[in-house]
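File shown: work35.cif. Contents: mmCIF, C-alpha atoms and all ligand atoms.
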```cif
data_data
loop_
_atom_site.group_PDB
_atom_site.id
_atom_site.type_symbol
_atom_site.label_atom_id
_atom_site.label_comp_id
_atom_site.auth_asym_id
_atom_site.auth_seq_id
_atom_site.Cartn_x
_atom_site.Cartn_y
_atom_site.Cartn_z
ATOM 1 C CA MET A 201 14.241 94.442 134.249
ATOM 2 C CA VAL A 202 15.797 97.900 134.588
ATOM 3 C CA LYS A 203 13.639 98.436 137.676
ATOM 4 C CA ASP A 204 14.641 95.115 139.325
ATOM 5 C CA VAL A 205 18.347 95.810 139.020
ATOM 6 C CA CYS A 206 17.831 99.355 140.305
ATOM 7 C CA ALA A 207 15.718 98.220 143.242
ATOM 8 C CA GLU A 208 18.474 95.822 144.296
ATOM 9 C CA ALA A 209 21.089 98.570 144.101
ATOM 10 C CA ILE A 210 18.873 100.955 146.105
ATOM 11 C CA ASN A 211 18.524 98.218 148.746
ATOM 12 C CA VAL A 212 22.302 98.097 148.995
ATOM 13 C CA VAL A 213 22.367 101.880 149.470
ATOM 14 C CA GLN A 214 19.745 101.642 152.228
ATOM 15 C CA CYS A 215 21.840 99.004 154.012
ATOM 16 C CA LEU A 216 24.943 101.194 153.774
ATOM 17 C CA MET A 217 23.397 104.570 154.589
ATOM 18 C CA GLY A 218 20.242 103.697 156.534
ATOM 19 C CA LYS A 219 16.770 104.419 155.239
ATOM 20 C CA ALA A 220 16.275 108.007 154.095
ATOM 21 C CA SER A 221 13.894 109.925 151.857
ATOM 22 C CA HIS A 222 16.738 110.509 149.393
ATOM 23 C CA TYR A 223 20.527 110.385 149.349
ATOM 24 C CA ASN A 224 23.421 112.725 148.677
ATOM 25 C CA PRO A 225 25.616 110.981 146.085
ATOM 26 C CA PHE A 226 28.848 112.585 147.348
ATOM 27 C CA ALA A 227 28.147 111.301 150.881
ATOM 28 C CA LEU A 228 27.400 107.878 149.418
ATOM 29 C CA CYS A 229 30.745 107.918 147.575
ATOM 30 C CA GLU A 230 32.521 108.588 150.862
ATOM 31 C CA ARG A 231 30.675 105.710 152.514
ATOM 32 C CA ILE A 232 31.573 103.307 149.690
ATOM 33 C CA GLY A 233 35.159 104.567 149.479
ATOM 34 C CA ILE A 234 34.925 106.104 146.012
ATOM 35 C CA SER A 235 37.017 109.245 145.477
ATOM 36 C CA THR A 236 35.396 111.996 143.412
ATOM 37 C CA ILE A 237 37.322 114.350 141.140
ATOM 38 C CA THR A 238 35.391 117.336 139.844
ATOM 39 C CA ASP A 239 38.010 119.930 138.860
ATOM 40 C CA LYS A 240 39.110 118.618 135.459
ATOM 41 C CA PRO A 241 37.455 119.635 132.185
ATOM 42 C CA LEU A 242 36.663 116.335 130.452
ATOM 43 C CA GLN A 243 35.344 115.197 127.086
ATOM 44 C CA LYS A 244 32.405 113.350 128.598
ATOM 45 C CA ASP A 245 30.050 114.080 131.491
ATOM 46 C CA GLY A 246 31.467 111.491 133.863
ATOM 47 C CA TYR A 247 33.718 108.478 134.265
ATOM 48 C CA LEU A 248 33.882 105.564 136.665
ATOM 49 C CA VAL A 249 37.298 103.959 137.036
ATOM 50 C CA CYS A 250 37.766 100.811 139.134
ATOM 51 C CA SER A 251 41.215 99.274 139.007
ATOM 52 C CA ASP A 252 43.521 97.558 141.520
ATOM 53 C CA GLY A 253 41.291 98.498 144.432
ATOM 54 C CA LEU A 254 41.147 102.120 143.264
ATOM 55 C CA LYS A 255 37.647 103.558 142.894
ATOM 56 C CA LEU A 256 37.305 106.921 141.171
ATOM 57 C CA ILE A 257 34.451 108.977 139.806
ATOM 58 C CA PHE A 258 35.316 111.901 137.551
ATOM 59 C CA VAL A 259 32.754 114.592 136.808
ATOM 60 C CA SER A 260 33.701 117.116 134.164
ATOM 61 C CA SER A 261 34.303 120.609 135.530
ATOM 62 C CA ASN A 262 32.492 121.818 132.400
ATOM 63 C CA ILE A 263 29.352 120.857 134.316
ATOM 64 C CA GLN A 264 28.901 123.758 136.686
ATOM 65 C CA ASN A 265 25.353 123.164 137.837
ATOM 66 C CA GLN A 266 25.511 121.434 141.235
ATOM 67 C CA HIS A 267 22.324 119.417 140.672
ATOM 68 C CA ARG A 268 23.679 118.158 137.373
ATOM 69 C CA ARG A 269 26.999 117.197 138.995
ATOM 70 C CA GLU A 270 25.149 115.246 141.648
ATOM 71 C CA PHE A 271 23.141 113.459 138.962
ATOM 72 C CA VAL A 272 26.329 112.441 137.127
ATOM 73 C CA VAL A 273 27.902 111.149 140.371
ATOM 74 C CA ALA A 274 24.701 109.215 141.148
ATOM 75 C CA HIS A 275 24.782 107.748 137.611
ATOM 76 C CA GLU A 276 28.392 106.551 138.073
ATOM 77 C CA ILE A 277 27.565 105.055 141.487
ATOM 78 C CA GLY A 278 24.811 103.185 139.638
ATOM 79 C CA HIS A 279 27.426 101.619 137.340
ATOM 80 C CA PHE A 280 29.573 100.751 140.364
ATOM 81 C CA LEU A 281 26.743 98.969 142.186
ATOM 82 C CA MET A 282 25.037 97.322 139.218
ATOM 83 C CA HIS A 283 27.662 96.658 136.548
ATOM 84 C CA GLN A 284 31.001 94.909 136.347
ATOM 85 C CA GLU A 285 33.201 96.841 133.915
ATOM 86 C CA GLN A 286 36.298 98.604 135.216
ATOM 87 C CA LEU A 287 35.753 101.708 133.126
ATOM 88 C CA TYR A 288 32.647 103.653 132.156
ATOM 89 C CA CYS A 289 32.842 106.793 130.019
ATOM 90 C CA CYS A 290 29.449 108.455 130.051
ATOM 91 C CA SER A 291 28.027 111.213 127.924
ATOM 92 C CA ASN A 292 24.455 112.498 127.773
ATOM 93 C CA VAL A 293 23.850 111.482 131.372
ATOM 94 C CA SER A 294 20.285 112.579 132.076
ATOM 95 C CA VAL A 295 16.979 111.895 133.762
ATOM 96 C CA PRO A 296 15.286 109.177 131.662
ATOM 97 C CA LEU A 297 12.506 110.723 129.575
ATOM 98 C CA SER A 298 10.864 107.420 128.688
ATOM 99 C CA GLU A 299 11.425 103.680 128.733
ATOM 100 C CA LYS A 300 12.252 103.842 125.043
ATOM 101 C CA VAL A 301 15.328 106.037 125.357
ATOM 102 C CA ASN A 302 17.773 105.157 122.652
ATOM 103 C CA SER A 303 20.788 104.245 124.779
ATOM 104 C CA SER A 304 22.430 101.072 126.018
ATOM 105 C CA ARG A 305 20.832 98.985 128.753
ATOM 106 C CA GLN A 306 23.565 99.833 131.247
ATOM 107 C CA GLU A 307 23.287 103.577 130.580
ATOM 108 C CA LYS A 308 19.507 103.358 131.051
ATOM 109 C CA GLU A 309 19.960 101.458 134.292
ATOM 110 C CA ALA A 310 22.495 103.977 135.602
ATOM 111 C CA ASN A 311 20.149 106.884 134.763
ATOM 112 C CA SER A 312 17.205 105.121 136.420
ATOM 113 C CA PHE A 313 19.313 104.393 139.487
ATOM 114 C CA ALA A 314 20.392 108.048 139.687
ATOM 115 C CA THR A 315 16.853 109.369 139.624
ATOM 116 C CA GLU A 316 15.703 106.766 142.174
ATOM 117 C CA LEU A 317 18.610 107.629 144.477
ATOM 118 C CA LEU A 318 17.963 111.371 144.316
ATOM 119 C CA ALA A 319 14.149 111.307 144.262
ATOM 120 C CA PRO A 320 12.679 107.842 144.953
ATOM 121 C CA ALA A 321 9.257 107.282 143.361
ATOM 122 C CA THR A 322 7.872 105.932 146.655
ATOM 123 C CA GLU A 323 8.798 109.217 148.371
ATOM 124 C CA LEU A 324 7.561 111.331 145.483
ATOM 125 C CA LEU A 325 4.104 109.779 145.068
ATOM 126 C CA PRO A 326 2.630 111.081 148.365
ATOM 127 C CA LEU A 327 3.783 114.599 147.419
ATOM 128 C CA LEU A 328 1.840 114.633 144.150
ATOM 129 C CA PRO A 329 -1.612 116.267 144.091
ATOM 130 C CA ASN A 330 -4.798 114.408 143.117
ATOM 131 C CA ARG A 331 -5.234 116.770 140.161
ATOM 132 C CA SER A 332 -3.169 118.046 137.255
ATOM 133 C CA LEU A 333 0.299 119.210 138.199
ATOM 134 C CA CYS A 334 1.276 122.864 138.464
ATOM 135 C CA PHE A 335 4.773 124.283 138.480
ATOM 136 C CA SER A 336 4.234 125.284 142.115
ATOM 137 C CA ASP A 337 3.928 121.540 142.944
ATOM 138 C CA ILE A 338 7.045 120.793 140.911
ATOM 139 C CA SER A 339 8.968 123.627 142.543
ATOM 140 C CA PHE A 340 8.063 122.245 145.986
ATOM 141 C CA ILE A 341 9.249 118.773 144.927
ATOM 142 C CA ALA A 342 12.520 120.171 143.529
ATOM 143 C CA ASP A 343 13.187 121.889 146.873
ATOM 144 C CA TYR A 344 12.143 118.836 148.891
ATOM 145 C CA PHE A 345 14.627 116.525 147.151
ATOM 146 C CA ASP A 346 17.143 119.285 146.344
ATOM 147 C CA ILE A 347 17.100 118.378 142.650
ATOM 148 C CA SER A 348 16.854 120.529 139.527
ATOM 149 C CA LEU A 349 13.473 121.813 138.431
ATOM 150 C CA SER A 350 13.747 119.865 135.154
ATOM 151 C CA HIS A 351 14.473 116.651 137.057
ATOM 152 C CA ALA A 352 11.542 117.298 139.416
ATOM 153 C CA ALA A 353 9.264 118.140 136.480
ATOM 154 C CA ILE A 354 10.121 115.024 134.463
ATOM 155 C CA LYS A 355 9.810 112.679 137.417
ATOM 156 C CA SER A 356 6.588 114.314 138.652
ATOM 157 C CA ILE A 357 4.964 114.054 135.223
ATOM 158 C CA GLN A 358 5.954 110.406 134.891
ATOM 159 C CA CYS A 359 4.486 109.574 138.322
ATOM 160 C CA SER A 360 1.510 111.970 138.054
ATOM 161 C CA LYS A 361 -1.890 110.773 139.235
ATOM 162 C CA ALA A 362 -3.683 112.861 136.585
ATOM 163 C CA ALA A 363 -4.050 111.593 133.033
ATOM 164 C CA ASP A 364 -3.100 113.478 129.903
ATOM 165 C CA GLU A 365 -0.226 115.710 130.897
ATOM 166 C CA VAL A 366 2.725 116.590 128.708
ATOM 167 C CA LEU A 367 5.912 118.429 129.593
ATOM 168 C CA LEU A 368 7.771 120.081 126.726
ATOM 169 C CA CYS A 369 11.177 121.714 126.828
ATOM 170 C CA TYR A 370 12.087 124.286 124.184
ATOM 171 C CA GLU A 371 15.554 125.788 123.938
ATOM 172 C CA SER A 372 16.014 128.851 121.758
ATOM 173 C CA GLY A 373 12.547 128.115 120.395
ATOM 174 C CA ARG A 374 13.336 124.547 119.321
ATOM 175 C CA LEU A 375 11.970 121.370 120.889
ATOM 176 C CA LYS A 376 14.692 119.859 123.069
ATOM 177 C CA TRP A 377 12.783 117.055 124.775
ATOM 178 C CA TYR A 378 9.353 116.059 126.035
ATOM 179 C CA THR A 379 7.845 113.567 128.437
ATOM 180 C CA THR A 380 4.367 112.411 129.415
ATOM 181 C CA ASN A 381 2.617 110.204 131.942
ATOM 182 C CA GLY A 382 0.628 108.525 129.197
ATOM 183 C CA SER A 383 1.770 105.990 126.660
ATOM 184 C CA GLN A 384 0.380 107.984 123.754
ATOM 185 C CA GLU A 385 2.417 107.936 120.592
ATOM 186 C CA PHE A 386 2.270 111.567 119.597
ATOM 187 C CA LYS A 387 5.915 112.403 119.029
ATOM 188 C CA ASN A 388 5.357 113.571 115.463
ATOM 189 C CA LYS A 389 2.510 115.862 116.494
ATOM 190 C CA ILE A 390 4.578 117.954 118.904
ATOM 191 C CA PRO A 391 5.562 121.277 117.326
ATOM 192 C CA LYS A 392 9.315 121.263 116.666
ATOM 193 C CA ARG A 393 9.291 125.043 117.001
ATOM 194 C CA CYS A 394 7.693 126.622 120.028
ATOM 195 C CA PRO A 395 4.237 127.826 118.895
ATOM 196 C CA ILE A 396 3.900 130.487 121.599
ATOM 197 C CA ASP A 397 5.903 133.632 122.284
ATOM 198 C CA ILE A 398 7.651 132.653 125.509
ATOM 199 C CA SER A 399 8.719 136.201 126.316
ATOM 200 C CA VAL A 400 5.108 137.328 126.754
ATOM 201 C CA ALA A 401 3.409 134.030 127.695
ATOM 202 C CA MET A 402 1.426 134.004 130.938
ATOM 203 C CA THR A 403 2.841 131.649 133.559
ATOM 204 C CA SER A 404 -0.529 129.926 133.896
ATOM 205 C CA THR A 405 -3.460 130.122 131.502
ATOM 206 C CA TYR A 406 -6.090 128.198 129.558
ATOM 207 C CA THR A 407 -5.554 128.266 125.838
ATOM 208 C CA ASN A 408 -7.385 127.184 122.701
ATOM 209 C CA GLY A 409 -6.097 126.564 119.208
ATOM 210 C CA VAL A 410 -2.362 126.394 119.974
ATOM 211 C CA TRP A 411 -1.973 122.720 120.860
ATOM 212 C CA ASP A 412 -4.784 121.339 118.676
ATOM 213 C CA ASP A 413 -2.600 118.533 117.318
ATOM 214 C CA LEU A 414 -2.131 117.207 120.852
ATOM 215 C CA PHE A 415 -5.243 118.166 122.796
ATOM 216 C CA GLU A 416 -8.971 118.388 122.270
ATOM 217 C CA GLY A 417 -10.492 121.765 123.208
ATOM 218 C CA SER A 418 -9.173 123.913 126.016
ATOM 219 C CA VAL A 419 -5.684 123.200 127.373
ATOM 220 C CA HIS A 420 -4.215 124.264 130.696
ATOM 221 C CA GLN A 421 -0.803 125.692 129.902
ATOM 222 C CA GLU A 422 1.924 126.675 132.348
ATOM 223 C CA VAL A 423 5.198 128.199 131.253
ATOM 224 C CA PHE A 424 8.341 128.261 133.328
ATOM 225 C CA ARG A 425 11.640 129.740 132.217
ATOM 226 C CA PRO A 426 14.540 128.379 134.310
ATOM 227 C CA TYR A 427 17.006 130.145 131.980
ATOM 228 C CA LYS A 428 16.644 132.962 129.489
ATOM 229 C CA ASP A 429 16.453 130.826 126.336
ATOM 230 C CA LYS A 430 14.915 127.712 127.889
ATOM 231 C CA ALA A 431 11.207 127.171 128.480
ATOM 232 C CA LEU A 432 9.425 124.320 130.194
ATOM 233 C CA ILE A 433 5.790 124.095 129.114
ATOM 234 C CA LEU A 434 3.384 121.966 131.108
ATOM 235 C CA LEU A 435 0.146 121.073 129.327
ATOM 236 C CA SER A 436 -2.888 119.249 130.641
ATOM 237 C CA GLY A 437 -6.263 118.573 129.076
ATOM 238 C CA ILE A 438 -7.848 115.853 126.991
ATOM 239 C CA MET A 439 -5.289 114.400 124.654
ATOM 240 C CA ILE A 440 -6.376 113.641 121.103
ATOM 241 C CA ASP A 441 -5.624 109.916 121.342
ATOM 242 C CA SER A 442 -7.676 109.371 124.474
ATOM 243 C CA ALA A 443 -10.452 111.636 123.138
ATOM 244 C CA ASP A 444 -10.687 109.384 120.064
ATOM 245 C CA TRP A 445 -10.756 106.401 122.332
ATOM 246 C CA TYR A 446 -13.598 107.789 124.445
ATOM 247 C CA ASN A 447 -15.602 108.740 121.347
ATOM 248 C CA SER A 448 -15.289 105.382 119.640
HETATM 249 ZN ZN ZN A 501 27.057 105.695 132.209
#
```

Do you think you could lay out the structure here as structure tokens?
Amino acid sequence: MVKDVCAEAINVVQCLMGKASHYNPFALCERIGISTITDKPLQKDGYLVCSDGLKLIFVSSNIQNQHRREFVVAHEIGHFLMHQEQLYCCSNVSVPLSEKVNSSRQEKEANSFATELLAPATELLPLLPNRSLCFSDISFIADYFDISLSHAAIKSIQCSKAADEVLLCYESGRLKWYTTNGSQEFKNKIPKRCPIDISVAMTSTYTNGVWDDLFEGSVHQEVFRPYKDKALILLSGIMIDSADWYNS
């Protein structure tokens, strides 16, 4: 359902802007006639205001990362194209980590629209390797679509052609979020505290014994640190659930 509504909205964008591999949300705003205001510090990430012919998108100036600003604008355009309310006040605007995200249907749809606008799955799929993902693949994809590395990583994992990959994000040593291309229910098995010392971890290695609750045997582990206290950890191997399944 989310996908149908999004696909329709993306069709509208293609009619307005012509077919492209991905779209700049600020350029799309100009085309639609939506003014964007980005210099005010606001309580929430973004707002869409439609009243008396006026169309405004506010993005909080507290958000300084350009990729994040673009994502918020894309999210608000999603509300404009798909939903009917005159006012949307949006917090926690982010790339959807799974279908089961605990937010309202309209917020989910706006997030899905944003990620499809900025990095359409149909454009992404041919860029993915026929093997487990590496951060070098993800970095290429981030550059290709001009999106953040986290956005590229989440979307790449979700579309990955390889089975049994997990992406974990730890901030200050604590689990912030995770995503996977599988449907495995393993949330409670993921260490809430980062089990490896990020400051000395190799960027790419095979490891045993660290992720035993998630994987069977040897695990390919890549560590990327976009910021000092933030670590993205990409794991691939044979996940416990599927190992049980194969053995039974
Ligand atoms: Zn929203």

Enter the distance from atom CA of Thr380 of chain A to atom CA of Ser332 of chain A, in Å, rounded to one decimal. 12.2 Å

Using all atoms listed in the file, find each residue with an atom at most 6 Å away from ligand ZN 501 (chain A) and format the answer as a list in words.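 Checked against 6 Å with all atoms listed in the file; the hits are Tyr288, Cys290, Glu307 and Ala310 of chain A.
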
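If you look at atom CA of Asp397 of chain A and atom CA of Asp343 of chain A, they are 28.2 Å away from each other.
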
List, as a PyMOL selection string, every residue that the PyMOL selection byres (((chain A and resi 407) around 6) and not hetatm) selects in the file provided. chain A and resi 406+408+418-419

Padding 8 Å on every side, please: axis-aligned box over the listed atoms of segment 357-368 of chain A, centre and edge lengths to one decimal in Å, as JSON.
```
{"center_x": 1.9, "center_y": 114.8, "center_z": 133.0, "size_x": 27.8, "size_y": 26.5, "size_z": 28.5}
```

Selection dump of the PyMOL selection byres (((chain A and resi 294) around 12) and not hetatm), as an MDAnalysis selection string: chainID A and resid 245:246 267:276 290:293 295:298 301 303 307:315 348 350:351 354:355 377

Filtering to C-alpha atoms, could you give me those residues as a PDB file, in the frame of the given file?
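Once written, selection_31.pdb looks like this:
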```
ATOM      1  CA  ASP A 245      30.050 114.080 131.491  1.00  0.00           C
ATOM      2  CA  GLY A 246      31.467 111.491 133.863  1.00  0.00           C
ATOM      3  CA  HIS A 267      22.324 119.417 140.672  1.00  0.00           C
ATOM      4  CA  ARG A 268      23.679 118.158 137.373  1.00  0.00           C
ATOM      5  CA  ARG A 269      26.999 117.197 138.995  1.00  0.00           C
ATOM      6  CA  GLU A 270      25.149 115.246 141.648  1.00  0.00           C
ATOM      7  CA  PHE A 271      23.141 113.459 138.962  1.00  0.00           C
ATOM      8  CA  VAL A 272      26.329 112.441 137.127  1.00  0.00           C
ATOM      9  CA  VAL A 273      27.902 111.149 140.371  1.00  0.00           C
ATOM     10  CA  ALA A 274      24.701 109.215 141.148  1.00  0.00           C
ATOM     11  CA  HIS A 275      24.782 107.748 137.611  1.00  0.00           C
ATOM     12  CA  GLU A 276      28.392 106.551 138.073  1.00  0.00           C
ATOM     13  CA  CYS A 290      29.449 108.455 130.051  1.00  0.00           C
ATOM     14  CA  SER A 291      28.027 111.213 127.924  1.00  0.00           C
ATOM     15  CA  ASN A 292      24.455 112.498 127.773  1.00  0.00           C
ATOM     16  CA  VAL A 293      23.850 111.482 131.372  1.00  0.00           C
ATOM     17  CA  VAL A 295      16.979 111.895 133.762  1.00  0.00           C
ATOM     18  CA  PRO A 296      15.286 109.177 131.662  1.00  0.00           C
ATOM     19  CA  LEU A 297      12.506 110.723 129.575  1.00  0.00           C
ATOM     20  CA  SER A 298      10.864 107.420 128.688  1.00  0.00           C
ATOM     21  CA  VAL A 301      15.328 106.037 125.357  1.00  0.00           C
ATOM     22  CA  SER A 303      20.788 104.245 124.779  1.00  0.00           C
ATOM     23  CA  GLU A 307      23.287 103.577 130.580  1.00  0.00           C
ATOM     24  CA  LYS A 308      19.507 103.358 131.051  1.00  0.00           C
ATOM     25  CA  GLU A 309      19.960 101.458 134.292  1.00  0.00           C
ATOM     26  CA  ALA A 310      22.495 103.977 135.602  1.00  0.00           C
ATOM     27  CA  ASN A 311      20.149 106.884 134.763  1.00  0.00           C
ATOM     28  CA  SER A 312      17.205 105.121 136.420  1.00  0.00           C
ATOM     29  CA  PHE A 313      19.313 104.393 139.487  1.00  0.00           C
ATOM     30  CA  ALA A 314      20.392 108.048 139.687  1.00  0.00           C
ATOM     31  CA  THR A 315      16.853 109.369 139.624  1.00  0.00           C
ATOM     32  CA  SER A 348      16.854 120.529 139.527  1.00  0.00           C
ATOM     33  CA  SER A 350      13.747 119.865 135.154  1.00  0.00           C
ATOM     34  CA  HIS A 351      14.473 116.651 137.057  1.00  0.00           C
ATOM     35  CA  ILE A 354      10.121 115.024 134.463  1.00  0.00           C
ATOM     36  CA  LYS A 355       9.810 112.679 137.417  1.00  0.00           C
ATOM     37  CA  TRP A 377      12.783 117.055 124.775  1.00  0.00           C
TER      38      TRP A 377
END
```

Written coordinates, all heavy atoms of segment 424-433 of chain A as an mmCIF file, in the first residue's frame:
```cif
data_model
loop_
_atom_site.group_PDB
_atom_site.id
_atom_site.type_symbol
_atom_site.label_atom_id
_atom_site.label_comp_id
_atom_site.auth_asym_id
_atom_site.auth_seq_id
_atom_site.Cartn_x
_atom_site.Cartn_y
_atom_site.Cartn_z
ATOM 1 N N PHE A 424 32.865 1.214 9.545
ATOM 2 C CA PHE A 424 33.055 2.542 8.961
ATOM 3 C C PHE A 424 32.654 3.573 10.006
ATOM 4 O O PHE A 424 31.628 3.425 10.668
ATOM 5 C CB PHE A 424 32.197 2.688 7.701
ATOM 6 C CG PHE A 424 32.369 4.019 7.037
ATOM 7 C CD1 PHE A 424 33.467 4.267 6.231
ATOM 8 C CD2 PHE A 424 31.441 5.029 7.241
ATOM 9 C CE1 PHE A 424 33.637 5.509 5.632
ATOM 10 C CE2 PHE A 424 31.607 6.270 6.646
ATOM 11 C CZ PHE A 424 32.707 6.509 5.839
ATOM 12 N N ARG A 425 33.489 4.595 10.151
ATOM 13 C CA ARG A 425 33.178 5.621 11.154
ATOM 14 C C ARG A 425 32.969 6.967 10.476
ATOM 15 O O ARG A 425 33.921 7.701 10.236
ATOM 16 C CB ARG A 425 34.318 5.719 12.170
ATOM 17 C CG ARG A 425 34.379 4.487 13.060
ATOM 18 C CD ARG A 425 35.126 4.763 14.327
ATOM 19 N NE ARG A 425 36.534 5.039 14.085
ATOM 20 C CZ ARG A 425 37.333 5.639 14.955
ATOM 21 N NH1 ARG A 425 36.858 6.057 16.107
ATOM 22 N NH2 ARG A 425 38.591 5.823 14.669
ATOM 23 N N PRO A 426 31.693 7.300 10.134
ATOM 24 C CA PRO A 426 31.438 8.586 9.475
ATOM 25 C C PRO A 426 31.726 9.769 10.401
ATOM 26 O O PRO A 426 32.095 10.841 9.945
ATOM 27 C CB PRO A 426 29.954 8.522 9.105
ATOM 28 C CG PRO A 426 29.356 7.451 9.942
ATOM 29 C CD PRO A 426 30.463 6.516 10.329
ATOM 30 N N TYR A 427 31.518 9.581 11.699
ATOM 31 C CA TYR A 427 31.840 10.605 12.698
ATOM 32 C C TYR A 427 32.595 9.922 13.826
ATOM 33 O O TYR A 427 32.589 8.707 13.938
ATOM 34 C CB TYR A 427 30.575 11.275 13.247
ATOM 35 C CG TYR A 427 29.684 11.822 12.184
ATOM 36 C CD1 TYR A 427 28.512 11.162 11.841
ATOM 37 C CD2 TYR A 427 30.026 12.986 11.488
ATOM 38 C CE1 TYR A 427 27.691 11.651 10.839
ATOM 39 C CE2 TYR A 427 29.218 13.472 10.490
ATOM 40 C CZ TYR A 427 28.055 12.806 10.168
ATOM 41 O OH TYR A 427 27.254 13.278 9.174
ATOM 42 N N LYS A 428 33.183 10.749 14.686
ATOM 43 C CA LYS A 428 34.064 10.221 15.728
ATOM 44 C C LYS A 428 33.370 9.188 16.624
ATOM 45 O O LYS A 428 33.914 8.132 16.904
ATOM 46 C CB LYS A 428 34.585 11.385 16.580
ATOM 47 C CG LYS A 428 35.715 11.021 17.498
ATOM 48 C CD LYS A 428 36.445 12.271 17.974
ATOM 49 C CE LYS A 428 37.443 11.927 19.071
ATOM 50 N NZ LYS A 428 36.850 11.993 20.397
ATOM 51 N N ASP A 429 32.137 9.499 17.071
ATOM 52 C CA ASP A 429 31.502 8.591 18.032
ATOM 53 C C ASP A 429 30.438 7.703 17.388
ATOM 54 O O ASP A 429 29.637 7.082 18.068
ATOM 55 C CB ASP A 429 30.892 9.385 19.195
ATOM 56 C CG ASP A 429 29.776 10.293 18.719
ATOM 57 O OD1 ASP A 429 29.691 10.517 17.495
ATOM 58 O OD2 ASP A 429 28.994 10.760 19.556
ATOM 59 N N LYS A 430 30.420 7.671 16.054
ATOM 60 C CA LYS A 430 29.402 6.869 15.367
ATOM 61 C C LYS A 430 30.085 5.788 14.528
ATOM 62 O O LYS A 430 31.064 6.078 13.839
ATOM 63 C CB LYS A 430 28.573 7.785 14.466
ATOM 64 C CG LYS A 430 27.474 7.083 13.687
ATOM 65 C CD LYS A 430 26.599 8.130 13.011
ATOM 66 C CE LYS A 430 25.592 7.509 12.074
ATOM 67 N NZ LYS A 430 24.680 8.500 11.503
ATOM 68 N N ALA A 431 29.586 4.574 14.619
ATOM 69 C CA ALA A 431 30.171 3.488 13.829
ATOM 70 C C ALA A 431 29.077 2.733 13.094
ATOM 71 O O ALA A 431 28.051 2.379 13.684
ATOM 72 C CB ALA A 431 30.927 2.534 14.740
ATOM 73 N N LEU A 432 29.296 2.536 11.805
ATOM 74 C CA LEU A 432 28.423 1.653 11.032
ATOM 75 C C LEU A 432 29.164 0.329 10.890
ATOM 76 O O LEU A 432 30.327 0.305 10.478
ATOM 77 C CB LEU A 432 28.141 2.238 9.651
ATOM 78 C CG LEU A 432 27.361 3.548 9.600
ATOM 79 C CD1 LEU A 432 27.262 4.052 8.164
ATOM 80 C CD2 LEU A 432 25.965 3.365 10.177
ATOM 81 N N ILE A 433 28.501 -0.756 11.252
ATOM 82 C CA ILE A 433 29.125 -2.079 11.159
ATOM 83 C C ILE A 433 28.296 -2.939 10.217
ATOM 84 O O ILE A 433 27.092 -3.119 10.417
ATOM 85 C CB ILE A 433 29.225 -2.742 12.545
ATOM 86 C CG1 ILE A 433 30.033 -1.845 13.497
ATOM 87 C CG2 ILE A 433 29.873 -4.117 12.436
ATOM 88 C CD1 ILE A 433 30.109 -2.370 14.918
#
```
